[in-house]
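Notes to accompany the following structure.
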Amino acid sequence: MSSIEQKEHILVCVSASPTNAKIIKTAAKMIHSEDTVFTALYVETPDNSKMSEKDKNRLQENTKLAQKLGAAVEIAYGENIAFQIAEFARLSGVTKVVVGRDAVYPRKVHFKASLVDSLIQNAPNLDIYIIPNVENSISEKEKWFHSKLELSFRDIGISLIILLAVTGLGLLFQTFGFTEANIITVYILGALLISVLTNSRGISLVISILSVILFNFLFTEPRYTLQAYEQGYPVTFVVMFAATFITGTLAMKLKDSARQSARAAYRIKILFDANQEFSKVHGTTEIVNVMAKQLLRLFDRDVIFYMAEGKTLLQPTLYKVEDGSTQQIEPSPREREVAQWTCENNKHAGATTVNYPDAAYLYYAVRMNEKVYGVVGLAMEHQSLEAFESSIFLSILGECALALENEKNAREKEEAALVAQKEQFRANMLRSVSHDLRTPLTSISGNAGILLSSEQNLRPEKKRELYQYIYDDSMWLIKLVENLLSITKIEDGNMGMRMNPELVDEIAAEALTHIDRHSEEHRIQNHIRDELIIVSVDARLIVQVFINLIDNAIKYTQKGSVIELRAKAADHWVTIEVADDGQGISDEEKERVFEMFYTQGTKLSDGRRSLGLGLALCRFIIEAHGGTMTLTDNVPHGSVFSFTLPIEEVKMNE
Amino acid sequence: MNKFLILVIEDDYAIRNLITTTLETQNYKFRTSENGTEGIMAAASYQPDVILLDLGLPDMDGVDVIRKIRLWSNVPIIVISARSEDSDKIEALDNGADDYLTKPFSVDELLARLRVTKRRLLSMSSETGNQGAVFENGALKIDYLAGTVFVETEELHLTPIEYKLLCLLAHNVGKVLTHNYIIKEIWGNSMESDLASLRVFMATLRKKLDKRSDGIQYIQTHIGIGYRMVRV
């Protein structure tokens with residue numbers, strides 16, 4: 001509420017009361033400028049399911065009226081209406097609340113404050129407009145009656161049996177000559193038992209009255225009449241009534257609070273479980289699956305999920321209760337419309353709500369702040385969710401949205417890191433490449449220049465040497481360009497890489513044809529020849545990896561060294577090794593060799609220049625294929641460069 | 001040898017000069033053209049034995065040059081591609097080119113390709129009489145009528161698909177056949193999954209051949225492109 005020029009936001013409370021229409025109209029009249037935000041709020045309580053048909057219709061009429069008058073309809077859940085209104089007002093920046101005077105909290109008898117009073121208590125800063133009401137609310141009275149005296153047959157049965165048992169025990173006590181106090185205690189015990197065993201509200205009142213009447217009828221002189229001779233009896237009756245009633249009510253309350261804390265514990269457990277499940281899985285689909293499984297388990301209803309892409313919904317997935325199956329389905333246009341509405345308006349809709357109540361599913365948006373990740377639907381079959389159920393439902397959706405948000409953030413972070421890494425790579429590369437190009441170009445142009453200007457003065461051996469320099473340096477440039485091309489291929493991402501099933505031995509054989517002439521001084525043993533391993537790779541790039549690794553091995557080992565190529569397939573991955581028996585690489589250098597343009601300085605066996613790009617590129621290529629590249633020591637000496645590639649499963653088409 | 005005429009269609013002076021100098025050293029006869037239109041005209045008027053065609057020409061796409069020439073001539077065409085993208089070469093091969101060279105290529109490579117083509121042309125002209133019934137290439141012999149394959153005197157036992165593959169390569173000996181072309185010829189349609197099968201069949205076929213042929217490789221693998229049977 002910090003802004004000075006705060007927009008006016010009027011909130012009107014919708015109820016099933018027949019006078020509610022008047023309140024809504026009055027609230028609508030309070031709108032003075034176009035900027036005013038007008039919201040109609042309905043608080044759904046646990047008693048909602050007990051609402052009569054008449055009340056339900058009236059509630060819908062009132063909601064429609066509010067919508068017609070320009071109000072956005074919102075629904076909150078909770079037992080404490082005043083608290084929900086106050087919370088909503090606080091969160092949405094409501095400036096004025098309009099309520100009716102008759103909108104009194106139903107449980108008046110429990111010494112609860114009226115709605116207005118508790119609203120003032122909950123939100124002291126709010127402007128509250130109370131619309132006086134002359135007609136007395138029938139609805140409230142009906143409701144009160146219904147909610148208080150709704151007795152199930154089961155509860156009546158239990159009550160009667162206990163009452164009978166207690167009376168029998170009383171009669172027994174009397175024949176033994178026990179005092180009446182004992183009998184009264186037995187009745188109080190009976191009321192206590194009834195309260196514990198039954199669920200109907202108000203039953204303790206009835207039981208208390210019945211107990212007093214029975215006691216009067218059976219145990220006080222004159223017996224079998226409703227009269228009492230002794231002077232003290234009226235007091236006894238009142239005290240007995242009070243004791244029985246208070247005991248019963250307290251027991252009931254105790255049971256209620258026990259149930260509530262059990263529910264709270266249950267809820268915490270479920271959320272904890274869900275949280276655990278969510279944290280275990282990765283990937284949007286997995287997270288949604290976990291959510292759907294949780295909802296299936298908890299509500300035993302079909303769950304449908306529409307993934308959102310921007311504001312449009314993709315094809316939904318249906319999770320069926322009966323067989324636990326999961327399938328992509330084509331929803332009816334109506335259902336899709338409702339889901340789409342839910343997604344766009346960020347409100348729940350569908351069955352059992354005021355928006356599109358004819359839909360088969362109840363739709364909620366899975367969202368974090370304003371971002372909608374998808375819409376989840378719960379098959380309702382005309383039974384609305386209890387407040388407790390819907391609060392669990394919402395909490396799970398919240399957990400799911402949080403998991404999706406985390407997932408998204410992690411993904412974005414990863415992507416950003418990748419972009420940064422690529423940028424870094426590119427920058428390093430450009431700097432080093434342009435630097436490294438100078439040397440061979442100087443050599444080529446210089447040597448060619450000498451040959452052009454003073455060919456006659458050179459001895460044939462000298463001339464040949466200069467030709468050789470030109471040739472070697474241009475070959476070096478060709479290799480550099482090949483490597484650079486490979487990099488641009490990967491940098492283009494999936495577009496650049498052409499993944500095809502390839503035979504590992506063919507790739508190795510191809511690479512060996514590109515190894516330069518100096519390899520004649522090394523013994524290359526290719527053990528990959530007879531393996532029939534198919535990998536899904538961009539063949540050119542993997543050939544490049546082989547070439548770089550083998551060239552490297554040739555460069556950094558003495559003449560006559562053995563270079564071995566090996567491949568081992570295991571568990572969807574093939575590990576390919578290029579091993580040499582040279583001097584090996586020290587541990588502190590092992591990590592650094594993969595760095596861009598790191599070269600082993602002067603240790604080159606024949607003084608030739610190396611491509612500092614080579615190993616960094618190899619690792620880059622292998623990682624772009626999802627594999628890893630490692631460097632280990634060979635036994636007894638030398639190095640082993642190994643990398644992994646995913647094996648492609650082949651379905652043979654005969 | 002004297003009659004062997006090569007047409008070089010290449011717009012870049014340096015490369016053209018490199019190629020012609022190489023050809024001169026080997027006493028090949030040649031003609032040059034600097035663009036596609038000229039090249040097609042030259043192909044029609046000189047009736048060359050081999051065409052070396054650069055894919056990146058100033059006036060038209062090299063693939064179109066191949067298409068036009070293929071309307072009336074089966075002359076072997078070796079394409080030279082500066083682009084290292086395989087798709088260019090595959091397109092050229094699928095449109096009738098026989099072989100390819102990637103820039104930068106070495107002089108040895110160029111001469112090797114020409115030798116292969118020449119050998120193929122020679123064997124084609126000598127084979128015109130008994131073509132069809134039996135195919136012979138070095139120690140490899142395919143009897144089409146009996147459906148049997150021999151290396152030296154030993155019969156190779158091939159699966160039906162391997163036999164079909166071998167026949168397809170033999171019919172196009174010396175020519176690089178693209179994966180797609182082979183898959184279409186063997187399986188009738190081209191599906192992604194077939195590529196892996198093709199690799200496996202080719203590998204087993206090649207192994208059966210290599211085992212008995214004493215270091216001679218009849219089938220070449222062109223990574224990312226296709227396969228070729230070499231005239232030995």
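Quick note on naming: the chains in the structure tokens go A, B, ... in the order shown, residues restart at 1 in each chain, and ligands are numbered from 1 in order of appearance.
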
Write out, as CSV, each residue of chain B that has an atom at most 9 Å from chain A, together with the closest pair of atoms and their distance in Å to one decimal, counting only C-alpha atoms, rows going by chain and rising number.
```
residue,atom,partner,partner_atom,distance
B:Ser84,CA,A:Leu485,CA,8.4
B:Pro104,CA,A:Ile478,CA,7.4
B:Pro160,CA,A:Glu654,CA,8.8
B:Ile161,CA,A:Glu654,CA,7.0
B:Trp187,CA,A:Asn653,CA,8.4
B:Glu192,CA,A:Asn500,CA,8.6
B:Ser193,CA,A:Lys651,CA,7.2
B:Asp194,CA,A:Asn653,CA,6.6
B:Leu195,CA,A:Pro501,CA,6.7
B:Ala196,CA,A:Pro501,CA,5.3
B:Ser197,CA,A:Met652,CA,5.2
B:Leu198,CA,A:Asn653,CA,8.6
B:Arg199,CA,A:Leu503,CA,6.7
B:Val200,CA,A:Leu532,CA,7.3
B:Ala203,CA,A:Leu532,CA,7.7
B:Thr204,CA,A:Leu532,CA,8.7
B:Lys207,CA,A:Asp530,CA,8.4
B:Thr221,CA,A:Glu506,CA,7.1
B:His222,CA,A:Glu510,CA,7.9
B:Ile223,CA,A:Ala539,CA,6.6
B:Gly224,CA,A:Ala539,CA,6.2
```

Since we have the selection now, will you write its residues out, keeping C-alpha atoms, as an mmCIF file, in the first residue's frame?
```cif
data_model
loop_
_atom_site.group_PDB
_atom_site.id
_atom_site.type_symbol
_atom_site.label_atom_id
_atom_site.label_comp_id
_atom_site.auth_asym_id
_atom_site.auth_seq_id
_atom_site.Cartn_x
_atom_site.Cartn_y
_atom_site.Cartn_z
ATOM 1 C CA SER B 84 33.064 -29.831 -46.700
ATOM 2 C CA PRO B 104 41.804 -29.080 -50.357
ATOM 3 C CA PRO B 160 19.845 -62.652 -49.821
ATOM 4 C CA ILE B 161 20.342 -59.020 -48.773
ATOM 5 C CA TRP B 187 14.528 -52.009 -49.448
ATOM 6 C CA GLU B 192 16.076 -43.694 -41.025
ATOM 7 C CA SER B 193 16.274 -47.063 -39.321
ATOM 8 C CA ASP B 194 17.496 -48.738 -42.496
ATOM 9 C CA LEU B 195 20.761 -46.861 -42.397
ATOM 10 C CA ALA B 196 21.893 -48.851 -39.377
ATOM 11 C CA SER B 197 20.845 -52.108 -41.027
ATOM 12 C CA LEU B 198 22.701 -51.128 -44.179
ATOM 13 C CA ARG B 199 25.847 -50.506 -42.144
ATOM 14 C CA VAL B 200 25.638 -53.919 -40.553
ATOM 15 C CA ALA B 203 30.146 -54.636 -42.747
ATOM 16 C CA THR B 204 29.391 -58.358 -42.771
ATOM 17 C CA LYS B 207 34.235 -58.951 -43.970
ATOM 18 C CA THR B 221 33.448 -47.014 -47.296
ATOM 19 C CA HIS B 222 32.865 -43.323 -47.762
ATOM 20 C CA ILE B 223 31.991 -42.066 -44.313
ATOM 21 C CA GLY B 224 28.849 -39.970 -44.303
#
```

Practice problem: Enumerate as a PyMOL selection string all residues of range 24-180 of chain B assigned to alpha helix (DSSP H) by DSSP on the backbone, naming them with the chain letters and numbers the document uses. | Solution: chain B and resi 24-25+36-46+62-70+86-94+107-127+160-171+179-180

Would you mind listing what lies within 10 Å of Ala44 in chain B as a PDB file with N, CA and C atoms, in the first residue's frame, with only C-alpha atoms counted and same-chain residues fewer than 4 positions away left out?
```pdb
ATOM      1  N   GLU B  38      29.529 -22.862 -70.547  1.00  0.00           N
ATOM      2  CA  GLU B  38      30.643 -23.238 -71.421  1.00  0.00           C
ATOM      3  C   GLU B  38      30.957 -24.717 -71.278  1.00  0.00           C
ATOM      4  N   GLY B  39      30.934 -25.172 -70.038  1.00  0.00           N
ATOM      5  CA  GLY B  39      31.269 -26.563 -69.735  1.00  0.00           C
ATOM      6  C   GLY B  39      30.329 -27.523 -70.428  1.00  0.00           C
ATOM      7  N   ILE B  40      29.044 -27.223 -70.401  1.00  0.00           N
ATOM      8  CA  ILE B  40      28.066 -28.107 -71.041  1.00  0.00           C
ATOM      9  C   ILE B  40      28.306 -28.142 -72.551  1.00  0.00           C
ATOM     10  N   PRO B  48      34.294 -35.611 -73.978  1.00  0.00           N
ATOM     11  CA  PRO B  48      35.416 -36.031 -73.132  1.00  0.00           C
ATOM     12  C   PRO B  48      35.173 -37.413 -72.515  1.00  0.00           C
ATOM     13  N   ILE B  69      24.024 -32.575 -68.362  1.00  0.00           N
ATOM     14  CA  ILE B  69      24.901 -33.486 -69.106  1.00  0.00           C
ATOM     15  C   ILE B  69      24.321 -34.903 -69.097  1.00  0.00           C
ATOM     16  N   TRP B  72      21.974 -36.586 -71.876  1.00  0.00           N
ATOM     17  CA  TRP B  72      22.412 -37.232 -73.122  1.00  0.00           C
ATOM     18  C   TRP B  72      23.731 -37.975 -73.000  1.00  0.00           C
ATOM     19  N   SER B  73      24.370 -37.959 -71.870  1.00  0.00           N
ATOM     20  CA  SER B  73      25.674 -38.618 -71.783  1.00  0.00           C
ATOM     21  C   SER B  73      25.873 -39.345 -70.456  1.00  0.00           C
TER      22      SER B  73
END
```

Exercise. Would you mind listing what lies within 12 Å of Thr153 in chain B as a count of residues only, with only C-alpha atoms counted and same-chain residues fewer than 6 positions away left out?
Key: 6
